[in-house]
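Visitor: Have a look at this one.
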Amino acid sequence: MRNPARLAAGVVASAALVLSGCASGGDDTSASDEETAASEDVCESADGDGPAIGLAYDVGGVGDQSFNDSAYAGLSRAVEELDATCAQAAAQAGENDADREERLRTLIDGGYDTIIGVGFVYSVAVYNVAPDFPEVYFGIIDGFNPTESQKDLPNVANIGFAANEGSFLVGAAAALTTESDNVGFIGGTNTPLIQAFEAGFNAGVEEVDPQIEIQSQYLSQDDPVKGFENPAGGETAATGMYENGADVIYHAAGKSGLGLFDAVVQAGEGNWAIGVDSDQYLTADPDQQPYILTSMLKRVDTGVFEFAQGVAEGNPPSGYVTYDLASGGVDYSTSNDALPTEVIEQVDQFKQQIIDDEIEVPSEL
Amino acid sequence: MTEPGASDGPVPAVQLAGIAKRFPGVVANHDVDVEIWPGTVHALVGENGAGKSTLMKILYGVQKPDEGMITVDGGAVTFSSPGDAIACGIGMVFQHFQLADNLTVLENVVLGAERRHGIGAGARREIMRISQVYGFDLDADELVETLGVGERQRVEILKVLYRGARIIILDEPTAVLVPQEVDALFANLRELKREGHTLVFISHKLDEVLAIADEITVLRRGTTVATVPPADVTPHDLAELMVGAELPSPSRGDSTVTDRTVLEVRGLRVEGPSGRVLLDDVDLVIRAGEVLGIAGVEGNGQTELVEAVIGMRPAAAGSVALGGTDVTRWGTRERRAAGVGYIPEDRQRHGLLLGFPLWENRMLGHQTRPPSANGVWLDPAGARADAARIVESYDVRTPGVDTSARSLSGGNQQKFIVGREMSGDPMLLVAAHPTRGVDVGAQAAIWDHIREARRRGLAVLLVSADLDELIGLSDTIRVVLRGRLGDEFDPQDVQPQQLGSAMTGAAADTRG
Amino acid sequence: MSLARRVLLGATAPVLAFAVAALVTTVVIVGAGASPGEFWQVLLSAPEARYYVSIVNSAAVLYLSGLAAAIGFRMNLFNIGVEGQYRVATFAGAVFAGWAVLPGPLNTVAAILVAMAAGAAWAGIAALLRVTRGVSEVISTIMLNAIALSLVAYLLQKVGSREGQTYVTDAIPRSAWVPSIPLIPGEISQVYGLALLALVAGVGFSVLLRRSRFGFDLRATGESESAAVASGVDVKRMVVWAMLLSGALAGLIGMPELFGASHAYGSTIQTGIGFTGIAVALLGRNNAWGIAFAAMVFAYLNQQASPLSIEADISTEIIAVTQGVVVLSVVIVYEVVRRYRVRLEQTEVARALRQQRKEQGVAA
């Protein structure tokens, strides 16, 4: 490595790699900056005597205007309504279960007794740590029981969402709106969690009109950074679909979905995007807002809040807790006036049918 | 001589007086005196290592002389960077083109000189003007990657002119050209001369120098030995000036040649990457105790011959046999392990690991056998002890064997390499310019060591540009010219002039 | 150069480098509007006992990754593909161990060999491209990374089974697990048994490079390819071997965690270690001790990221910035010190020469 040119190349390459692995957090729009600033506020000013909540995010954390921000909203509500105190911790790129365990233990060391792992990646870590702390309550968003025995732990709750049901509704809305009879789905990673979104979406479209063509694309096989932190990739995928004739596209790709919103503005009037997790109509840039037909609401905020509430009331949930249409844990948003009343009426009918078990929504492709 | 003329008496365009430049252990230039007259082509000739390139770097501001004075148009100047030289109207066309392939001619010319005429229409006008005046026939918008070698060279010259140069140094400009391109280049150069430019032409191709130059200065061992007009000299006069015609100083002693063949090369042919023939139909035999000297003007196939014998270049045809065994298909490692020592032409690139300590350099090329290694494992203790032995018996001036090779002077590096390659009783030593750049004392020592080994039965293939060395050490001398091995000479009664003629391919009428 | 001077010079470089890094990091933190006091307080406060375990575990893995990158770097071969090799190898090892064709510890040993072979084979593709087609290993290994990631993810869905939101390979039978080492008595966290692989690999790396002919050829090629060729080194062969070795080492990266904790390859496998290894190798100057030190530094900094965000409310990304700054300062400072050292050595040689001449003059 004495050759200076080679050396310099090596340094630059490796520095770029080190940084690129990590540069994904909080660097986007002004909206996300405000969110981050707000997040510091809510835990800094919280000094109540309610539950002490430790919230551990996956890579990216607050500022995705989607999944993680929704969890944060639940936390804020807990601070307000339950007098909770809180701390937040974000993951670094390239962690393993041991690192996540350490994060949980650090939170517990800090005196937090209500620990919420935002994302299924925390499943293994929580099930490893929980037996050592029977007096601490753990919630895992989208979590599952990874142990061989499948034995429930009394202090662990897997907070799941019937994303397939919510996706069915926006699928129906898409099918009722499309004029080209061509709609699209963009997933973050090709994993079971996201496949459930697609399965529900497809079922909703087919319920309305089986003739409608559905384009589908995943941004990555299983790399969460490429899948959920990749607005450029989302934009490329969406632009391709619009050019291929789609006029409504639904995404389940976290921050990568922001690329879809850029693409729909470029595609212009008559094209639509559908948001995910939180009501993205409310957080989008003003020029994007008119294009956001609706959003599939995955009420992570409700999940977080109700878990904290359960702990506060001495009634902590455990095992699998599923939020579905019936319990209001998933839904679709109607905040954009562009969504016609007729469509809302029809979608609401489907909603009722699902709640009444008249329609069975598949959760796997 | 041309007396171009300022009214107030002739003033040289460039004058170098008493220039000296030293590097650790090596004197690259000393007592250099050259006067270059305006509007002439002035050739600088000399063997590789004679100090031409250092001198040009001094004139172009890349290096600062330790002593001496440079005057341009009669005024003394000091250059601390090429920028200063350019400001004085001196430009340099390098042997290896410095062009960006993916840019156009315009972009290449303007790059780094954006302030002269901008980067737009003004620059284009100027480039087209220069191209027309000197008959360069270049299109400003053509991509450089589509140009041929001759055209690229014209772009380089254009670059220099664009920057306002009046004195242009051309470093071996014909080395990369085919004959027709050389003719075209010379036409361009004459055009430049007619327009009043002064050209410094560096070369060791004597017939070309005689064809184009108005004056020729010969450099030998770092100093200027003569300045002559081309009309008064023949190629072999020049060759003699370049290599020195003094009587040989090293005396060979009695012949030790035996009848045991060590190296036998038959019909060897070596081709370049593009299939160009670099060496053809080479036959030679070296017996134990014999030194075969190869004479020739640099670039006629010596390097290829050495590398083919050592196994670094594959033979396109023919065979190489070592001690009766055909080794044509062997790699360098096997050949060296079989007992071939190698003193490379470029010691820093091929003979040493500069950043490594001397004791690790002791292992280089000897990785496979004691005292460097036992089986697959290294033997640091053995290598250290033997490195210390070399330092001692070859008088390598160093504080110790832990000193990095880089820190030694050139002469001491060379002594260490010679010592290393003589170790382990090789049967054949391939020595390329074993004493180049080495001071007089070390030179004598190295000669003694080679003679001593020869007495013990070593066969030596000696390539050298130093005729004294060749005549003094060799039992037989052969001349290589354009890739073919020619006449055989007996060093006992050969005259340097005869060698000079054979080397330049001039008429062999003086041969006795 | 006297020994004391050599040691002093040797110590100057790292100290200077870390001072520069600390300064730059502080400036970055101030620029980001956070409190540098709080940052340094959290960063430098001694971690709790059980964190040492986690630092050791993560350092062992980073060390293996650093060694894998360094073996190529030593001969100017830039294997950027450690990440891909690690994924392919760990997947292959996990699948093989999951089949349980061999009993107990035999299964463990065989699976490790399978992983090494898989890593080597994946790296070998880049080596072959380089020696037969002249493709830069930098380009090919980066491409192979992308292919490896997608390929493994695809295969995982084929051969693995669903577990919650993830896919995992068949679990390794209990008999093939490698027990952990209780580094700190009484603590729940324990050091992976196979963290010892790092120790073995480090010794092997050092011995191979310093003491074997192969290592000499490799280092010689890195220092001067032309001189190596003239000395009889077959550079193409060396490229192939160095890449294979690098890939085989990359194959070890995933083993401690696989046999010590996860017992299967799942879609939540740790990512990016291969890339971090490049930085670790650079920081460690490609030598066995240096890389060990660098791995500890990186592991320590990673460990402190959590407390930083929880206690000081400073973004964990600052840790990545710090690591990058440390690597850059080390590379720059070492180059400066190296040049200084060469100059110093040359003066000393000149002095020794003058001395000798003087003595000779006296003798005459």
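In the structure tokens, chains take the letters A, B, ... in the order shown, each chain's residues start at 1, and ligands count up from 1 in the order shown.
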If you run DSSP on the backbone, which residues of range 48-155 of chain B are helix (DSSP H, G or I), as a PyMOL selection string?
Guide: chain B and resi 52-59+82-87+105-110+114-117+121-133+144-146+149-155
Visitor: Could you save those same residues with C-alpha atoms as a PDB file, in the first residue's frame?
Guide:
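So the final result, stored in again-v1.pdb, reads:
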```pdb
ATOM      1  CA  LYS B  52      20.005  13.954 -20.568  1.00  0.00           C
ATOM      2  CA  SER B  53      16.720  13.629 -18.747  1.00  0.00           C
ATOM      3  CA  THR B  54      17.982  15.248 -15.554  1.00  0.00           C
ATOM      4  CA  LEU B  55      19.330  18.127 -17.593  1.00  0.00           C
ATOM      5  CA  MET B  56      15.986  18.608 -19.325  1.00  0.00           C
ATOM      6  CA  LYS B  57      14.146  18.462 -16.029  1.00  0.00           C
ATOM      7  CA  ILE B  58      16.416  21.221 -14.815  1.00  0.00           C
ATOM      8  CA  LEU B  59      15.713  23.314 -17.887  1.00  0.00           C
ATOM      9  CA  PRO B  82       7.488  24.134 -14.721  1.00  0.00           C
ATOM     10  CA  GLY B  83       5.175  27.114 -14.416  1.00  0.00           C
ATOM     11  CA  ASP B  84       8.201  29.404 -14.191  1.00  0.00           C
ATOM     12  CA  ALA B  85       9.724  27.769 -17.262  1.00  0.00           C
ATOM     13  CA  ILE B  86       6.490  28.172 -19.200  1.00  0.00           C
ATOM     14  CA  ALA B  87       6.399  31.830 -18.225  1.00  0.00           C
ATOM     15  CA  VAL B 105      -8.266  18.194 -28.950  1.00  0.00           C
ATOM     16  CA  LEU B 106      -9.639  21.578 -27.902  1.00  0.00           C
ATOM     17  CA  GLU B 107     -10.311  20.455 -24.355  1.00  0.00           C
ATOM     18  CA  ASN B 108      -6.897  18.842 -24.024  1.00  0.00           C
ATOM     19  CA  VAL B 109      -5.123  21.929 -25.257  1.00  0.00           C
ATOM     20  CA  VAL B 110      -7.118  24.320 -23.102  1.00  0.00           C
ATOM     21  CA  GLU B 114      -7.929  28.350 -19.520  1.00  0.00           C
ATOM     22  CA  ARG B 115      -6.773  31.885 -18.866  1.00  0.00           C
ATOM     23  CA  ARG B 116      -4.977  32.388 -22.147  1.00  0.00           C
ATOM     24  CA  HIS B 117      -7.885  32.411 -24.551  1.00  0.00           C
ATOM     25  CA  ALA B 121     -14.546  30.509 -29.457  1.00  0.00           C
ATOM     26  CA  GLY B 122     -11.343  32.400 -28.647  1.00  0.00           C
ATOM     27  CA  ALA B 123      -9.511  29.208 -27.784  1.00  0.00           C
ATOM     28  CA  ARG B 124     -10.856  27.472 -30.875  1.00  0.00           C
ATOM     29  CA  ARG B 125      -9.676  30.328 -33.106  1.00  0.00           C
ATOM     30  CA  GLU B 126      -6.199  30.236 -31.613  1.00  0.00           C
ATOM     31  CA  ILE B 127      -5.947  26.458 -31.959  1.00  0.00           C
ATOM     32  CA  MET B 128      -7.054  26.546 -35.583  1.00  0.00           C
ATOM     33  CA  ARG B 129      -4.605  29.350 -36.258  1.00  0.00           C
ATOM     34  CA  ILE B 130      -1.642  27.434 -34.823  1.00  0.00           C
ATOM     35  CA  SER B 131      -2.724  24.266 -36.574  1.00  0.00           C
ATOM     36  CA  GLN B 132      -2.819  26.071 -39.913  1.00  0.00           C
ATOM     37  CA  VAL B 133       0.398  28.030 -39.560  1.00  0.00           C
ATOM     38  CA  VAL B 144      -8.103  12.338 -28.734  1.00  0.00           C
ATOM     39  CA  GLU B 145      -8.834   8.624 -28.443  1.00  0.00           C
ATOM     40  CA  THR B 146      -9.552   8.521 -32.177  1.00  0.00           C
ATOM     41  CA  VAL B 149       0.270   8.452 -32.464  1.00  0.00           C
ATOM     42  CA  GLY B 150       1.627  11.089 -34.826  1.00  0.00           C
ATOM     43  CA  GLU B 151      -1.468  13.236 -34.428  1.00  0.00           C
ATOM     44  CA  ARG B 152      -1.321  12.949 -30.675  1.00  0.00           C
ATOM     45  CA  GLN B 153       2.224  14.154 -30.738  1.00  0.00           C
ATOM     46  CA  ARG B 154       1.121  17.156 -32.785  1.00  0.00           C
ATOM     47  CA  VAL B 155      -1.526  17.843 -30.135  1.00  0.00           C
TER      48      VAL B 155
END
```
Visitor: Taking only residues of chain C that have an atom at most 7 Å from an atom of chain A, what is each one's shortest atom pair and its distance in Å to one decimal, using only C-alpha atoms, in chain and number order, as JSON lines?
Guide:
```
{"residue": "C:Phe73", "atom": "CA", "partner": "A:Met1", "partner_atom": "CA", "distance": 6.7}
{"residue": "C:Arg74", "atom": "CA", "partner": "A:Met1", "partner_atom": "CA", "distance": 6.6}
{"residue": "C:Asn76", "atom": "CA", "partner": "A:Met1", "partner_atom": "CA", "distance": 5.9}
{"residue": "C:Ser150", "atom": "CA", "partner": "A:Gln221", "partner_atom": "CA", "distance": 5.9}
{"residue": "C:Ala153", "atom": "CA", "partner": "A:Gln221", "partner_atom": "CA", "distance": 5.8}
{"residue": "C:Tyr154", "atom": "CA", "partner": "A:Gln221", "partner_atom": "CA", "distance": 7.0}
{"residue": "C:Glu163", "atom": "CA", "partner": "A:Pro146", "partner_atom": "CA", "distance": 6.8}
{"residue": "C:Gly164", "atom": "CA", "partner": "A:Phe144", "partner_atom": "CA", "distance": 5.0}
{"residue": "C:Gln165", "atom": "CA", "partner": "A:Leu193", "partner_atom": "CA", "distance": 5.3}
{"residue": "C:Thr166", "atom": "CA", "partner": "A:Pro192", "partner_atom": "CA", "distance": 6.6}
{"residue": "C:Gly222", "atom": "CA", "partner": "A:Met1", "partner_atom": "CA", "distance": 6.7}
{"residue": "C:Glu223", "atom": "CA", "partner": "A:Arg2", "partner_atom": "CA", "distance": 6.7}
{"residue": "C:Ser267", "atom": "CA", "partner": "A:Asp222", "partner_atom": "CA", "distance": 6.6}
{"residue": "C:Thr268", "atom": "CA", "partner": "A:Val121", "partner_atom": "CA", "distance": 6.5}
{"residue": "C:Ile269", "atom": "CA", "partner": "A:Asn96", "partner_atom": "CA", "distance": 6.4}
{"residue": "C:Gln270", "atom": "CA", "partner": "A:Asn96", "partner_atom": "CA", "distance": 4.6}
{"residue": "C:Thr271", "atom": "CA", "partner": "A:Gly94", "partner_atom": "CA", "distance": 4.2}
{"residue": "C:Gly272", "atom": "CA", "partner": "A:Gly94", "partner_atom": "CA", "distance": 5.0}
{"residue": "C:Ile273", "atom": "CA", "partner": "A:Gly94", "partner_atom": "CA", "distance": 6.7}
{"residue": "C:Phe275", "atom": "CA", "partner": "A:Leu17", "partner_atom": "CA", "distance": 6.2}
{"residue": "C:Thr276", "atom": "CA", "partner": "A:Val18", "partner_atom": "CA", "distance": 6.1}
{"residue": "C:Ile278", "atom": "CA", "partner": "A:Ser14", "partner_atom": "CA", "distance": 6.0}
{"residue": "C:Ala279", "atom": "CA", "partner": "A:Ser14", "partner_atom": "CA", "distance": 5.8}
{"residue": "C:Ser306", "atom": "CA", "partner": "A:Arg103", "partner_atom": "CA", "distance": 5.8}
{"residue": "C:Pro307", "atom": "CA", "partner": "A:Thr106", "partner_atom": "CA", "distance": 6.7}
{"residue": "C:Ser309", "atom": "CA", "partner": "A:Ala89", "partner_atom": "CA", "distance": 5.7}
{"residue": "C:Ile310", "atom": "CA", "partner": "A:Ala89", "partner_atom": "CA", "distance": 5.7}
{"residue": "C:Thr316", "atom": "CA", "partner": "A:Gln92", "partner_atom": "CA", "distance": 6.6}
{"residue": "C:Glu317", "atom": "CA", "partner": "A:Cys22", "partner_atom": "CA", "distance": 6.5}
{"residue": "C:Ala320", "atom": "CA", "partner": "A:Cys22", "partner_atom": "CA", "distance": 6.4}
{"residue": "C:Gly324", "atom": "CA", "partner": "A:Ala15", "partner_atom": "CA", "distance": 5.9}
```
Visitor: Store the residues picked out above in a file with C-alpha atoms, as a compact mmCIF listing (two decimals), in the first residue's frame.
Guide:
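File written: out_4.txt
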```
# COMPACT_ATOMS: atom_id res chain seq x y z
CA PHE C 73 -4.21 -5.12 0.58
CA ARG C 74 -0.77 -6.43 1.39
CA ASN C 76 -2.22 -4.12 -3.57
CA SER C 150 -29.62 -11.14 -3.94
CA ALA C 153 -31.74 -13.89 -0.20
CA TYR C 154 -33.33 -15.82 -3.04
CA GLU C 163 -40.35 -17.80 11.00
CA GLY C 164 -42.49 -14.81 11.87
CA GLN C 165 -41.59 -12.12 9.42
CA THR C 166 -38.32 -13.73 8.39
CA GLY C 222 2.64 -5.43 -2.92
CA GLU C 223 5.82 -3.42 -2.52
CA SER C 267 -32.80 -12.68 6.89
CA THR C 268 -31.80 -10.55 9.86
CA ILE C 269 -28.14 -11.52 9.53
CA GLN C 270 -25.71 -8.79 10.44
CA THR C 271 -24.89 -6.69 7.39
CA GLY C 272 -21.96 -4.49 6.48
CA ILE C 273 -19.22 -6.23 8.49
CA PHE C 275 -17.23 -3.18 4.50
CA THR C 276 -16.28 -2.20 8.02
CA ILE C 278 -11.91 -2.64 4.98
CA ALA C 279 -11.80 0.37 7.28
CA SER C 306 -26.34 3.16 22.18
CA PRO C 307 -25.53 5.04 25.37
CA SER C 309 -28.27 8.20 21.81
CA ILE C 310 -29.99 7.16 25.04
CA THR C 316 -25.70 7.34 16.53
CA GLU C 317 -24.56 8.47 13.12
CA ALA C 320 -19.94 6.41 12.03
CA GLY C 324 -14.48 7.54 9.29
```
Visitor: Considering only C-alpha atoms, give me a table of residues in chain B that are at most 7 Å from chain C, with the closest atom pair and distance in Å for each, as a Markdown table.
Guide:
```
| residue | atom | partner | partner_atom | distance |
| --- | --- | --- | --- | --- |
| B:Met312 | CA | C:Ala230 | CA | 6.8 |
| B:Thr332 | CA | C:Gly232 | CA | 4.5 |
| B:Arg333 | CA | C:Gly232 | CA | 3.8 |
| B:Arg349 | CA | C:Ala227 | CA | 5.7 |
| B:His350 | CA | C:Ala227 | CA | 3.9 |
| B:Gly351 | CA | C:Ala227 | CA | 5.6 |
| B:Leu352 | CA | C:Ala227 | CA | 6.2 |
| B:Leu353 | CA | C:Ser224 | CA | 6.2 |
| B:Leu364 | CA | C:Ser231 | CA | 5.8 |
| B:Gly365 | CA | C:Ser231 | CA | 3.7 |
| B:Gln367 | CA | C:Arg213 | CA | 6.3 |
| B:Val376 | CA | C:Arg213 | CA | 5.5 |
| B:Trp377 | CA | C:Ser212 | CA | 4.3 |
| B:Leu378 | CA | C:Ser212 | CA | 5.2 |
| B:Arg397 | CA | C:Leu353 | CA | 6.3 |
| B:Thr398 | CA | C:Val349 | CA | 6.0 |
| B:Pro399 | CA | C:Val349 | CA | 6.1 |
| B:Ser407 | CA | C:Gln346 | CA | 4.8 |
| B:Leu408 | CA | C:Val349 | CA | 6.9 |
```
Visitor: Could you check the closest approach to Leu279 in chain B for each of B:Gln497, B:Thr303, B:Ser393, B:Asn188 and tell me which residue wins, using only C-alpha atoms?
Guide: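 Smallest distance to Leu279 in chain B is found for B:Thr303.
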Visitor: Hey, list the chain B side of the contact with chain A: 12 Å cut-off, only C-alpha atoms, answer as a PyMOL selection string.
Guide: chain B and resi 353-356
Visitor: Selected residues, C-alpha atoms, written as a PDB file, in the first residue's frame, please.
Guide:
```pdb
ATOM      1  CA  LEU B 353      12.132  -3.780  -2.594  1.00  0.00           C
ATOM      2  CA  LEU B 354      12.865  -0.199  -1.674  1.00  0.00           C
ATOM      3  CA  GLY B 355      10.732  -0.057   1.443  1.00  0.00           C
ATOM      4  CA  PHE B 356      12.085  -3.330   2.828  1.00  0.00           C
TER       5      PHE B 356
END
```
Visitor: Neighbours of Gly260 in chain C within 7 Å (only C-alpha atoms; same-chain residues fewer than 5 positions away dropped), as an MDAnalysis selection string?
Guide: chainID C and resid 177:180 192:193
Visitor: How would the residues just picked look written out with N, CA and C atoms as a short mmCIF file (atom, residue, chain, number, x, y, z; two decimals), in the first residue's frame?
Guide:
```
data_model
loop_
_atom_site.label_atom_id
_atom_site.label_comp_id
_atom_site.auth_asym_id
_atom_site.auth_seq_id
_atom_site.Cartn_x
_atom_site.Cartn_y
_atom_site.Cartn_z
N TRP C 177 -23.43 -27.03 18.29
CA TRP C 177 -23.24 -25.67 18.81
C TRP C 177 -21.88 -25.56 19.47
N VAL C 178 -21.36 -24.37 19.48
CA VAL C 178 -20.09 -24.17 20.17
C VAL C 178 -20.37 -23.36 21.43
N PRO C 179 -20.07 -23.95 22.59
CA PRO C 179 -20.41 -23.26 23.84
C PRO C 179 -19.67 -21.94 23.97
N SER C 180 -20.31 -21.00 24.66
CA SER C 180 -19.70 -19.69 24.87
C SER C 180 -18.77 -19.73 26.06
N TYR C 192 -18.46 -15.60 22.40
CA TYR C 192 -18.65 -16.73 21.49
C TYR C 192 -17.45 -17.66 21.55
N GLY C 193 -17.71 -18.95 21.60
CA GLY C 193 -16.61 -19.90 21.59
C GLY C 193 -15.72 -19.73 20.38
#
```
Visitor: Quick one: residues within 12 Å of Lys415 in chain B, only C-alpha atoms, excluding same-chain residues fewer than 4 positions away - as a PyMOL selection string?
Guide: chain B and resi 343+347+351-352+358+387+390-398+405+408-411+419-422+434-439+441-450
Visitor: Using the selection just defined, write its residues with N, CA and C atoms as a short mmCIF file (atom, residue, chain, number, x, y, z; two decimals), in the first residue's frame.
Guide:
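The resulting again07.cif:
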```
data_model
loop_
_atom_site.label_atom_id
_atom_site.label_comp_id
_atom_site.auth_asym_id
_atom_site.auth_seq_id
_atom_site.Cartn_x
_atom_site.Cartn_y
_atom_site.Cartn_z
N ILE B 343 21.46 -9.39 -12.48
CA ILE B 343 21.64 -7.99 -12.10
C ILE B 343 20.84 -7.18 -13.10
N ARG B 347 17.75 -1.14 -11.33
CA ARG B 347 17.86 -1.81 -10.03
C ARG B 347 16.70 -1.47 -9.11
N GLY B 351 15.32 -4.80 -9.06
CA GLY B 351 16.30 -5.47 -8.22
C GLY B 351 16.08 -5.34 -6.74
N LEU B 352 15.21 -4.41 -6.32
CA LEU B 352 15.10 -4.15 -4.89
C LEU B 352 13.65 -3.92 -4.48
N LEU B 358 17.41 -4.25 4.26
CA LEU B 358 18.38 -4.98 3.43
C LEU B 358 18.27 -6.48 3.60
N ALA B 387 23.15 -11.29 4.69
CA ALA B 387 23.11 -9.88 4.28
C ALA B 387 24.30 -9.16 4.91
N ILE B 390 27.33 -9.88 2.93
CA ILE B 390 27.41 -9.11 1.68
C ILE B 390 27.85 -7.68 1.98
N VAL B 391 27.25 -7.10 3.00
CA VAL B 391 27.59 -5.73 3.38
C VAL B 391 29.08 -5.63 3.65
N GLU B 392 29.59 -6.64 4.34
CA GLU B 392 31.01 -6.65 4.70
C GLU B 392 31.90 -6.84 3.47
N SER B 393 31.65 -7.91 2.71
CA SER B 393 32.63 -8.24 1.68
C SER B 393 32.44 -7.42 0.40
N TYR B 394 31.30 -6.81 0.23
CA TYR B 394 31.14 -5.96 -0.95
C TYR B 394 31.20 -4.47 -0.60
N ASP B 395 31.56 -4.20 0.63
CA ASP B 395 31.75 -2.84 1.07
C ASP B 395 30.51 -1.98 0.82
N VAL B 396 29.36 -2.49 1.24
CA VAL B 396 28.12 -1.73 1.11
C VAL B 396 28.07 -0.75 2.29
N ARG B 397 27.99 0.53 1.99
CA ARG B 397 28.01 1.54 3.07
C ARG B 397 26.61 1.70 3.63
N THR B 398 26.40 1.10 4.78
CA THR B 398 25.09 1.19 5.43
C THR B 398 25.27 1.02 6.92
N ALA B 405 16.30 -0.39 1.87
CA ALA B 405 17.08 -0.28 0.64
C ALA B 405 16.99 1.12 0.07
N LEU B 408 19.78 3.75 0.87
CA LEU B 408 21.15 3.63 0.38
C LEU B 408 21.32 4.43 -0.90
N SER B 409 22.57 4.82 -1.14
CA SER B 409 22.87 5.50 -2.39
C SER B 409 22.86 4.48 -3.52
N GLY B 410 22.76 4.99 -4.75
CA GLY B 410 22.66 4.11 -5.92
C GLY B 410 23.81 3.13 -6.00
N GLY B 411 25.02 3.61 -5.77
CA GLY B 411 26.18 2.74 -5.87
C GLY B 411 26.14 1.62 -4.85
N GLY B 419 26.42 -8.38 -4.89
CA GLY B 419 26.78 -9.35 -3.86
C GLY B 419 25.74 -10.43 -3.73
N ARG B 420 24.48 -10.03 -3.75
CA ARG B 420 23.40 -11.00 -3.62
C ARG B 420 23.39 -11.98 -4.79
N GLU B 421 23.56 -11.46 -5.99
CA GLU B 421 23.44 -12.32 -7.16
C GLU B 421 24.65 -13.23 -7.34
N MET B 422 25.75 -12.87 -6.69
CA MET B 422 26.92 -13.74 -6.73
C MET B 422 26.83 -14.83 -5.68
N PRO B 434 25.97 -3.50 -15.15
CA PRO B 434 26.21 -3.72 -13.71
C PRO B 434 26.84 -2.53 -13.00
N THR B 435 27.46 -1.61 -13.73
CA THR B 435 28.12 -0.50 -13.02
C THR B 435 27.56 0.86 -13.41
N ARG B 436 26.38 0.86 -14.02
CA ARG B 436 25.83 2.16 -14.43
C ARG B 436 25.48 3.00 -13.19
N GLY B 437 25.86 4.24 -13.23
CA GLY B 437 25.51 5.16 -12.15
C GLY B 437 26.27 4.88 -10.86
N VAL B 438 27.35 4.12 -10.97
CA VAL B 438 28.10 3.76 -9.78
C VAL B 438 29.42 4.54 -9.79
N ASP B 439 29.89 4.96 -8.63
CA ASP B 439 31.11 5.75 -8.65
C ASP B 439 32.32 4.86 -8.98
N GLY B 441 35.14 3.95 -7.64
CA GLY B 441 35.66 2.93 -6.72
C GLY B 441 34.80 1.68 -6.73
N ALA B 442 33.48 1.91 -6.64
CA ALA B 442 32.56 0.78 -6.61
C ALA B 442 32.62 0.03 -7.94
N GLN B 443 32.80 0.78 -9.02
CA GLN B 443 32.87 0.15 -10.33
C GLN B 443 34.03 -0.85 -10.38
N ALA B 444 35.16 -0.43 -9.93
CA ALA B 444 36.34 -1.31 -9.95
C ALA B 444 36.08 -2.55 -9.10
N ALA B 445 35.43 -2.33 -7.95
CA ALA B 445 35.15 -3.46 -7.05
C ALA B 445 34.22 -4.46 -7.72
N ILE B 446 33.19 -3.94 -8.38
CA ILE B 446 32.24 -4.84 -9.03
C ILE B 446 32.94 -5.63 -10.15
N TRP B 447 33.77 -4.93 -10.91
CA TRP B 447 34.52 -5.63 -11.96
C TRP B 447 35.36 -6.75 -11.37
N ASP B 448 36.04 -6.45 -10.26
CA ASP B 448 36.87 -7.48 -9.63
C ASP B 448 36.05 -8.69 -9.23
N HIS B 449 34.89 -8.42 -8.69
CA HIS B 449 34.04 -9.55 -8.25
C HIS B 449 33.61 -10.40 -9.44
N ILE B 450 33.27 -9.74 -10.54
CA ILE B 450 32.84 -10.52 -11.71
C ILE B 450 34.02 -11.35 -12.24
#
```
